[in-house]
$ cat entry.cif   # mmCIF, C-alpha atoms and all ligand atoms
data_coords
#
loop_
_atom_site.label_atom_id
_atom_site.label_comp_id
_atom_site.auth_asym_id
_atom_site.auth_seq_id
_atom_site.Cartn_x
_atom_site.Cartn_y
_atom_site.Cartn_z
CA MET A 1 92.75 106.78 131.43
CA LYS A 2 89.13 105.74 131.77
CA ARG A 3 88.87 104.91 128.07
CA LEU A 4 92.03 102.80 128.18
CA ILE A 5 90.76 100.95 131.25
CA GLN A 6 87.47 100.30 129.44
CA ALA A 7 89.35 98.84 126.46
CA LEU A 8 91.52 96.67 128.73
CA ASP A 9 88.47 95.52 130.67
CA ASP A 10 86.79 94.45 127.42
CA ALA A 11 89.90 92.52 126.29
CA LEU A 12 90.27 90.81 129.67
CA VAL A 13 86.60 89.83 129.76
CA GLU A 14 86.93 88.42 126.26
CA ARG A 15 89.82 86.22 127.43
CA PHE A 16 88.86 85.35 131.01
CA GLY A 17 85.11 86.03 131.12
CA VAL A 18 83.26 87.86 133.89
CA PRO A 19 84.48 86.43 137.19
CA LYS A 20 81.77 85.05 139.44
CA ARG A 21 80.86 87.29 142.34
CA ASN A 22 79.96 85.96 145.70
CA PRO A 23 76.17 85.41 145.54
CA LYS A 24 75.94 86.50 149.18
CA THR A 25 76.81 89.99 150.37
CA PRO A 26 79.53 89.23 152.88
CA ASP A 27 79.62 91.11 156.15
CA PRO A 28 82.28 93.88 156.15
CA LEU A 29 83.94 92.50 159.29
CA ASP A 30 84.17 89.04 157.70
CA ILE A 31 85.94 90.58 154.71
CA LEU A 32 88.25 92.61 156.94
CA VAL A 33 89.35 89.51 158.86
CA GLY A 34 89.56 87.42 155.67
CA THR A 35 91.71 90.02 153.95
CA ILE A 36 94.08 90.30 156.91
CA LEU A 37 94.42 86.50 156.80
CA SER A 38 95.15 86.62 153.06
CA GLN A 39 98.14 88.97 153.35
CA ASN A 40 101.26 87.37 151.87
CA THR A 41 99.79 83.91 151.44
CA ASN A 42 97.73 82.09 148.88
CA ASP A 43 93.95 82.13 148.92
CA ARG A 44 93.54 78.45 149.77
CA ASN A 45 95.69 78.63 152.91
CA SER A 46 94.02 81.79 154.12
CA HIS A 47 90.61 80.26 153.43
CA ARG A 48 91.51 77.26 155.62
CA ALA A 49 92.40 79.60 158.48
CA TYR A 50 89.24 81.67 157.97
CA GLU A 51 86.99 78.59 157.87
CA ARG A 52 88.60 77.23 161.02
CA LEU A 53 87.74 80.41 162.92
CA LYS A 54 84.17 80.36 161.62
CA GLU A 55 83.71 76.70 162.53
CA ARG A 56 85.18 76.87 166.01
CA TYR A 57 83.80 80.19 167.24
CA ASP A 58 80.24 81.43 167.21
CA SER A 59 81.04 85.11 166.84
CA TRP A 60 83.84 87.62 166.35
CA GLU A 61 83.24 88.69 169.98
CA GLU A 62 84.34 85.19 171.00
CA VAL A 63 87.44 85.42 168.80
CA ALA A 64 88.23 88.81 170.36
CA ARG A 65 88.51 87.13 173.77
CA LEU A 66 91.28 84.75 172.63
CA THR A 67 94.83 85.38 173.72
CA PRO A 68 97.19 86.43 170.91
CA SER A 69 99.05 83.10 171.13
CA LYS A 70 95.83 81.07 170.97
CA LEU A 71 94.63 83.00 167.91
CA GLU A 72 98.06 82.63 166.37
CA ARG A 73 97.72 78.84 166.63
CA GLU A 74 94.19 78.89 165.21
CA ILE A 75 95.27 80.78 162.08
CA LYS A 76 98.54 78.93 161.58
CA ALA A 77 97.52 77.78 158.08
CA ALA A 78 97.59 81.39 156.84
CA GLY A 79 101.18 82.05 158.00
CA LEU A 80 102.53 85.20 159.69
CA GLY A 81 100.44 84.25 162.72
CA LYS A 82 101.91 86.75 165.15
CA GLN A 83 101.40 89.73 162.90
CA LYS A 84 97.94 88.65 161.74
CA SER A 85 96.63 87.75 165.19
CA LYS A 86 97.74 91.15 166.45
CA ALA A 87 95.95 92.94 163.59
CA ILE A 88 92.76 90.86 163.94
CA LEU A 89 92.57 91.21 167.73
CA GLY A 90 93.36 94.91 167.50
CA ALA A 91 90.55 95.52 164.99
CA LEU A 92 87.96 93.34 166.78
CA ARG A 93 88.68 94.74 170.22
CA ARG A 94 88.68 98.33 169.00
CA VAL A 95 85.33 97.94 167.23
CA ILE A 96 83.81 96.27 170.30
CA ARG A 97 85.22 98.97 172.59
CA GLU A 98 84.02 101.86 170.43
CA ARG A 99 80.73 100.43 169.11
CA GLY A 100 79.69 97.92 171.76
CA ALA A 101 79.58 95.02 169.28
CA ALA A 102 81.74 93.34 166.66
CA THR A 103 80.30 95.02 163.60
CA LEU A 104 81.34 97.43 160.89
CA ASP A 105 77.77 98.13 159.88
CA TYR A 106 78.21 101.77 160.90
CA LEU A 107 80.33 102.21 157.75
CA ARG A 108 77.57 101.38 155.30
CA GLU A 109 76.29 104.92 154.79
CA ARG A 110 79.70 106.59 154.62
CA SER A 111 81.59 107.71 151.51
CA ASP A 112 84.40 105.59 150.04
CA GLU A 113 86.99 108.11 151.27
CA ASP A 114 85.62 108.14 154.83
CA ILE A 115 85.60 104.35 154.99
CA LEU A 116 89.18 104.11 153.72
CA ASP A 117 90.40 106.75 156.16
CA HIS A 118 88.67 105.02 159.03
CA LEU A 119 89.85 101.48 158.27
CA VAL A 120 93.50 102.39 157.66
CA SER A 121 93.53 103.91 161.14
CA PHE A 122 93.38 100.32 162.49
CA GLU A 123 96.82 98.93 163.24
CA GLY A 124 97.87 96.37 160.62
CA VAL A 125 95.19 97.48 158.13
CA ALA A 126 96.59 99.10 155.02
CA GLU A 127 94.85 100.58 152.02
CA LYS A 128 94.60 97.31 150.10
CA THR A 129 92.80 95.58 152.95
CA ALA A 130 90.49 98.56 153.44
CA SER A 131 89.68 98.75 149.72
CA CYS A 132 88.81 95.02 149.72
CA VAL A 133 86.13 95.75 152.35
CA LEU A 134 84.78 98.46 150.03
CA LEU A 135 84.71 96.24 146.95
CA PHE A 136 83.85 92.77 148.23
CA SER A 137 81.41 93.62 151.01
CA LEU A 138 80.09 97.12 150.43
CA LYS A 139 80.09 96.63 146.63
CA ARG A 140 81.65 100.01 145.90
CA ASN A 141 83.26 100.60 142.51
CA VAL A 142 86.87 100.68 143.75
CA CYS A 143 89.75 98.53 142.51
CA PRO A 144 92.07 97.25 145.27
CA VAL A 145 95.70 97.28 144.14
CA ASP A 146 97.88 94.34 145.08
CA THR A 147 101.27 93.50 143.63
CA HIS A 148 99.75 91.92 140.46
CA VAL A 149 97.45 94.85 139.76
CA HIS A 150 100.29 97.33 140.37
CA ARG A 151 102.74 95.48 138.13
CA THR A 152 100.39 94.86 135.21
CA LEU A 153 98.98 98.40 135.13
CA ASN A 154 102.47 99.88 135.14
CA ARG A 155 103.77 97.55 132.46
CA ILE A 156 100.81 98.27 130.23
CA GLY A 157 101.27 101.99 130.82
CA VAL A 158 97.95 102.81 132.45
CA THR A 159 99.89 104.22 135.39
CA ALA A 160 103.49 105.28 135.95
CA THR A 161 103.75 104.81 139.67
CA LYS A 162 106.23 103.49 142.18
CA SER A 163 103.94 101.81 144.70
CA PRO A 164 100.52 100.15 144.94
CA THR A 165 99.38 103.13 147.04
CA GLN A 166 100.21 105.53 144.21
CA THR A 167 98.54 103.23 141.68
CA PHE A 168 95.39 103.07 143.80
CA ALA A 169 95.31 106.87 143.99
CA ALA A 170 95.82 107.18 140.22
CA LEU A 171 92.88 104.86 139.52
CA ALA A 172 90.44 106.85 141.66
CA GLY A 173 87.52 108.02 139.54
CA ASN A 174 88.82 106.21 136.45
CA ILE A 175 87.14 102.82 136.83
CA PRO A 176 84.12 102.56 134.52
CA ASP A 177 80.84 102.15 136.43
CA GLY A 178 80.34 98.63 137.73
CA ALA A 179 83.67 97.37 136.34
CA ALA A 180 85.82 97.32 139.49
CA HIS A 181 85.25 93.71 140.57
CA ARG A 182 85.86 92.10 137.18
CA PHE A 183 88.75 94.45 136.33
CA HIS A 184 90.49 93.78 139.67
CA THR A 185 89.96 90.01 139.50
CA ASN A 186 90.95 89.69 135.84
CA LEU A 187 94.11 91.78 136.36
CA ILE A 188 95.14 89.45 139.19
CA ARG A 189 94.58 86.52 136.85
CA LEU A 190 96.58 88.26 134.12
CA GLY A 191 99.42 88.81 136.60
CA ARG A 192 99.38 85.25 137.92
CA GLU A 193 99.06 83.44 134.61
CA ILE A 194 100.61 85.66 131.93
CA CYS A 195 102.23 88.91 133.04
CA LYS A 196 104.41 87.19 135.62
CA PRO A 197 107.03 89.17 137.52
CA ALA A 198 110.18 87.64 136.00
CA LYS A 199 108.85 86.12 132.81
CA PRO A 200 105.90 87.82 131.15
CA LEU A 201 104.37 85.61 128.46
CA CYS A 202 103.62 88.46 126.07
CA GLY A 203 102.83 86.14 123.16
CA ALA A 204 99.83 84.82 125.08
CA CYS A 205 98.65 88.17 126.42
CA PRO A 206 95.18 89.49 125.58
CA VAL A 207 96.28 93.13 125.98
CA LYS A 208 99.62 93.01 124.15
CA GLU A 209 98.48 95.43 121.43
CA ARG A 210 97.94 98.11 124.05
CA CYS A 211 100.97 97.40 126.23
CA ARG A 212 103.95 99.75 126.32
CA HIS A 213 106.31 97.32 128.03
CA GLU A 214 109.15 95.84 126.04
CA PRO A 215 107.71 92.54 124.78
CA LYS A 216 109.15 89.31 126.15
CA ASN A 217 108.52 85.72 125.16
CA LEU A 218 106.48 86.55 122.09
CA ASP A 219 106.56 82.88 121.11
CA ALA A 220 104.57 81.95 124.23
CA ALA A 221 101.31 80.56 122.93
CA GLU A 222 99.65 79.56 126.18
CA ALA A 223 99.17 81.02 129.61
CA THR A 224 100.17 79.14 132.74
CA LYS A 225 97.13 77.64 134.41
CA THR A 226 97.03 78.67 138.03
CA ASN A 227 94.75 78.16 140.92
CA ASP A 228 91.90 80.55 140.18
CA PHE A 229 90.28 80.31 143.60
CA PHE A 230 89.59 83.77 145.03
CA LEU A 231 89.17 83.85 148.79
CA LEU A 232 87.17 87.04 149.06
CA ASP A 233 84.49 85.72 146.72
CA ALA A 234 84.23 82.55 148.81
CA ILE A 235 83.54 84.15 152.19
S1 LIG B 1 102.12 92.36 126.83
FE1 LIG B 1 103.59 91.40 128.21
S2 LIG B 1 104.26 92.98 129.62
FE2 LIG B 1 102.39 93.70 128.61
S3 LIG B 1 100.74 93.13 129.98
FE3 LIG B 1 100.93 91.51 128.51
S4 LIG B 1 102.33 90.03 129.45
FE4 LIG B 1 102.51 91.96 130.57
#

$ encode --input "entry.cif" --output "structure tokens" --more "lines below"
Ligand code: SF4
Amino acid sequence: MKRLIQALDDALVERFGVPKRNPKTPDPLDILVGTILSQNTNDRNSHRAYERLKERYDSWEEVARLTPSKLEREIKAAGLGKQKSKAILGALRRVIRERGAATLDYLRERSDEDILDHLVSFEGVAEKTASCVLLFSLKRNVCPVDTHVHRTLNRIGVTATKSPTQTFAALAGNIPDGAAHRFHTNLIRLGREICKPAKPLCGACPVKERCRHEPKNLDAAEATKTNDFFLLDAI
């Protein structure tokens, strides 16, 4: 699997380039909150909600003192306010209660597995959110699996899995060193612009020679241009 992933990574980089990484090293708690805000919405809307919190409050401790309904109003732009405010307040208050401050710095020295196990024990934090903290803040070589990554990897035939959780498990140890960020980001772009859920544009696909999926739309010459703003590299 590792060799196939390497070949796909090369083909994706040839088409899309190496995506820019955030020049800063974002704080793990910032990424945790940002990723919760990004669930089931687009990156621009979740970024608006994230920026609003950062502008209006001096610290995550201050946000933790908001009532759920007040936080829900503050993050309205990201949608699913009730669910997201509950998850954010739950995580912030638990960290403050257990560690005395709003910080996830205590995770920095732990292994990938320990960090994942710990973060998914927070209510409303699933594996994808936890793995985003690992990749985007702690710079570990793990590839978070969202719906685009799951769909494209299964169509290509890298994995044969039924859920993003299974896909994430199958990828463990198979991402070439240092490739996780570009592979993850370029697969999302592939899924948004070319390997779309209902209408894959196989004619325009940079990995079509390696794909085991029944080809569709082989006459498609161009990808759809989408918004290529990535929230977690803008925090
Ligand atoms: S060849 Fe078609 S199905 Fe395969 S990854 Fe590309 S767009 Fe998706």

$ residues_around --input "entry.cif" --residues "Leu138 (chain A)" --least-positions-apart "5" --cutoff "12 Å" --atoms "all atoms listed in the file" --output "list in words"
Lys24, Thr25, Pro26, Asp27, Pro28, Leu29, Asp30, Ile31, Leu32, Leu104, Asp105, Tyr106, Leu107, Arg108, Glu109, Arg110, Ser111, Asp112, Ile115, Leu116, Ala130, Ser131, Cys132, Val133 and His181 of chain A

$ residues_near_point --input "entry.cif" --point "(99.7, 86.0, 133.6)" --cutoff "12 Å" --atoms "all atoms listed in the file" --output "mmCIF file with C-alpha atoms, in the coordinates of the input"
data_model
loop_
_atom_site.group_PDB
_atom_site.id
_atom_site.type_symbol
_atom_site.label_atom_id
_atom_site.label_comp_id
_atom_site.auth_asym_id
_atom_site.auth_seq_id
_atom_site.Cartn_x
_atom_site.Cartn_y
_atom_site.Cartn_z
ATOM 1 C CA LEU A 12 90.270 90.810 129.670
ATOM 2 C CA ARG A 15 89.820 86.220 127.430
ATOM 3 C CA PHE A 16 88.860 85.350 131.010
ATOM 4 C CA HIS A 148 99.750 91.920 140.460
ATOM 5 C CA VAL A 149 97.450 94.850 139.760
ATOM 6 C CA ARG A 151 102.740 95.480 138.130
ATOM 7 C CA THR A 152 100.390 94.860 135.210
ATOM 8 C CA ASN A 186 90.950 89.690 135.840
ATOM 9 C CA LEU A 187 94.110 91.780 136.360
ATOM 10 C CA ILE A 188 95.140 89.450 139.190
ATOM 11 C CA ARG A 189 94.580 86.520 136.850
ATOM 12 C CA LEU A 190 96.580 88.260 134.120
ATOM 13 C CA GLY A 191 99.420 88.810 136.600
ATOM 14 C CA ARG A 192 99.380 85.250 137.920
ATOM 15 C CA GLU A 193 99.060 83.440 134.610
ATOM 16 C CA ILE A 194 100.610 85.660 131.930
ATOM 17 C CA CYS A 195 102.230 88.910 133.040
ATOM 18 C CA LYS A 196 104.410 87.190 135.620
ATOM 19 C CA PRO A 197 107.030 89.170 137.520
ATOM 20 C CA ALA A 198 110.180 87.640 136.000
ATOM 21 C CA LYS A 199 108.850 86.120 132.810
ATOM 22 C CA PRO A 200 105.900 87.820 131.150
ATOM 23 C CA LEU A 201 104.370 85.610 128.460
ATOM 24 C CA CYS A 202 103.620 88.460 126.070
ATOM 25 C CA GLY A 203 102.830 86.140 123.160
ATOM 26 C CA ALA A 204 99.830 84.820 125.080
ATOM 27 C CA CYS A 205 98.650 88.170 126.420
ATOM 28 C CA PRO A 206 95.180 89.490 125.580
ATOM 29 C CA VAL A 207 96.280 93.130 125.980
ATOM 30 C CA LYS A 208 99.620 93.010 124.150
ATOM 31 C CA ALA A 220 104.570 81.950 124.230
ATOM 32 C CA GLU A 222 99.650 79.560 126.180
ATOM 33 C CA ALA A 223 99.170 81.020 129.610
ATOM 34 C CA THR A 224 100.170 79.140 132.740
ATOM 35 C CA LYS A 225 97.130 77.640 134.410
ATOM 36 C CA THR A 226 97.030 78.670 138.030
ATOM 37 C CA ASN A 227 94.750 78.160 140.920
ATOM 38 C CA ASP A 228 91.900 80.550 140.180
#

$ axis_aligned_box --input "entry.cif" --around "ligand LIG 1 (chain B)" --padding-each-side "6 Å" --output "AutoDock Vina command-line options"
--center_x 102.5 --center_y 91.9 --center_z 128.7 --size_x 15.5 --size_y 15.7 --size_z 15.7

$ atom_distance --input "entry.cif" --atom1 "CA of Leu37 (chain A)" --atom2 "CA of Lys54 (chain A)"
12.9 Å

$ residues_around --input "entry.cif" --residues "Arg65 (chain A)" --least-positions-apart "3" --cutoff "9 Å" --atoms "all atoms listed in the file" --output "count of residues only"
5

$ residues_around --input "entry.cif" --residues "Thr41 (chain A)" --least-positions-apart "4" --cutoff "9 Å" --atoms "all atoms listed in the file" --output "list in words"
Leu37, Asn45, Ser46, Ala78, Gly79 and Leu80 of chain A

$ closest_residue --input "entry.cif" --among "A:Lys128, A:Leu134, A:His150, A:Val13" --to "Asp114 (chain A)" --atoms "all atoms listed in the file"
A:Leu134

$ closest_residue --input "entry.cif" --among "A:Gly81, A:Gly173, A:Pro23, A:Gly157" --to "ligand LIG 1 (chain B)" --atoms "all atoms listed in the file"
A:Gly157

$ closest_residue --input "entry.cif" --among "A:Ala172, A:Arg3, A:Leu53, A:Glu74" --to "Glu113 (chain A)" --atoms "only C-alpha atoms"
A:Ala172

$ closest_residue --input "entry.cif" --among "A:Leu231, A:Val95, A:Leu66, A:His213" --to "ligand LIG 1 (chain B)" --atoms "all atoms listed in the file"
A:His213

$ closest_residue --input "entry.cif" --among "A:Ala11, A:Gly124, A:Ser85, A:Ala170" --to "ligand LIG 1 (chain B)" --atoms "all atoms listed in the file"
A:Ala11

$ atom_distance --input "entry.cif" --atom1 "CA of Arg155 (chain A)" --atom2 "CA of Leu8 (chain A)"
12.8 Å

$ atom_distance --input "entry.cif" --atom1 "CA of Ala221 (chain A)" --atom2 "CA of Asp10 (chain A)"
20.6 Å

$ residues_near_point --input "entry.cif" --point "(84.6, 83.1, 146.7)" --cutoff "10 Å" --atoms "only C-alpha atoms" --output "ChimeraX atom specification"
/A:20-24,43,47,136,229-235

$ closest_residue --input "entry.cif" --among "A:Val145, A:Leu218, A:Ala180, A:Ile75" --to "ligand LIG 1 (chain B)" --atoms "only C-alpha atoms and all ligand atoms"
A:Leu218
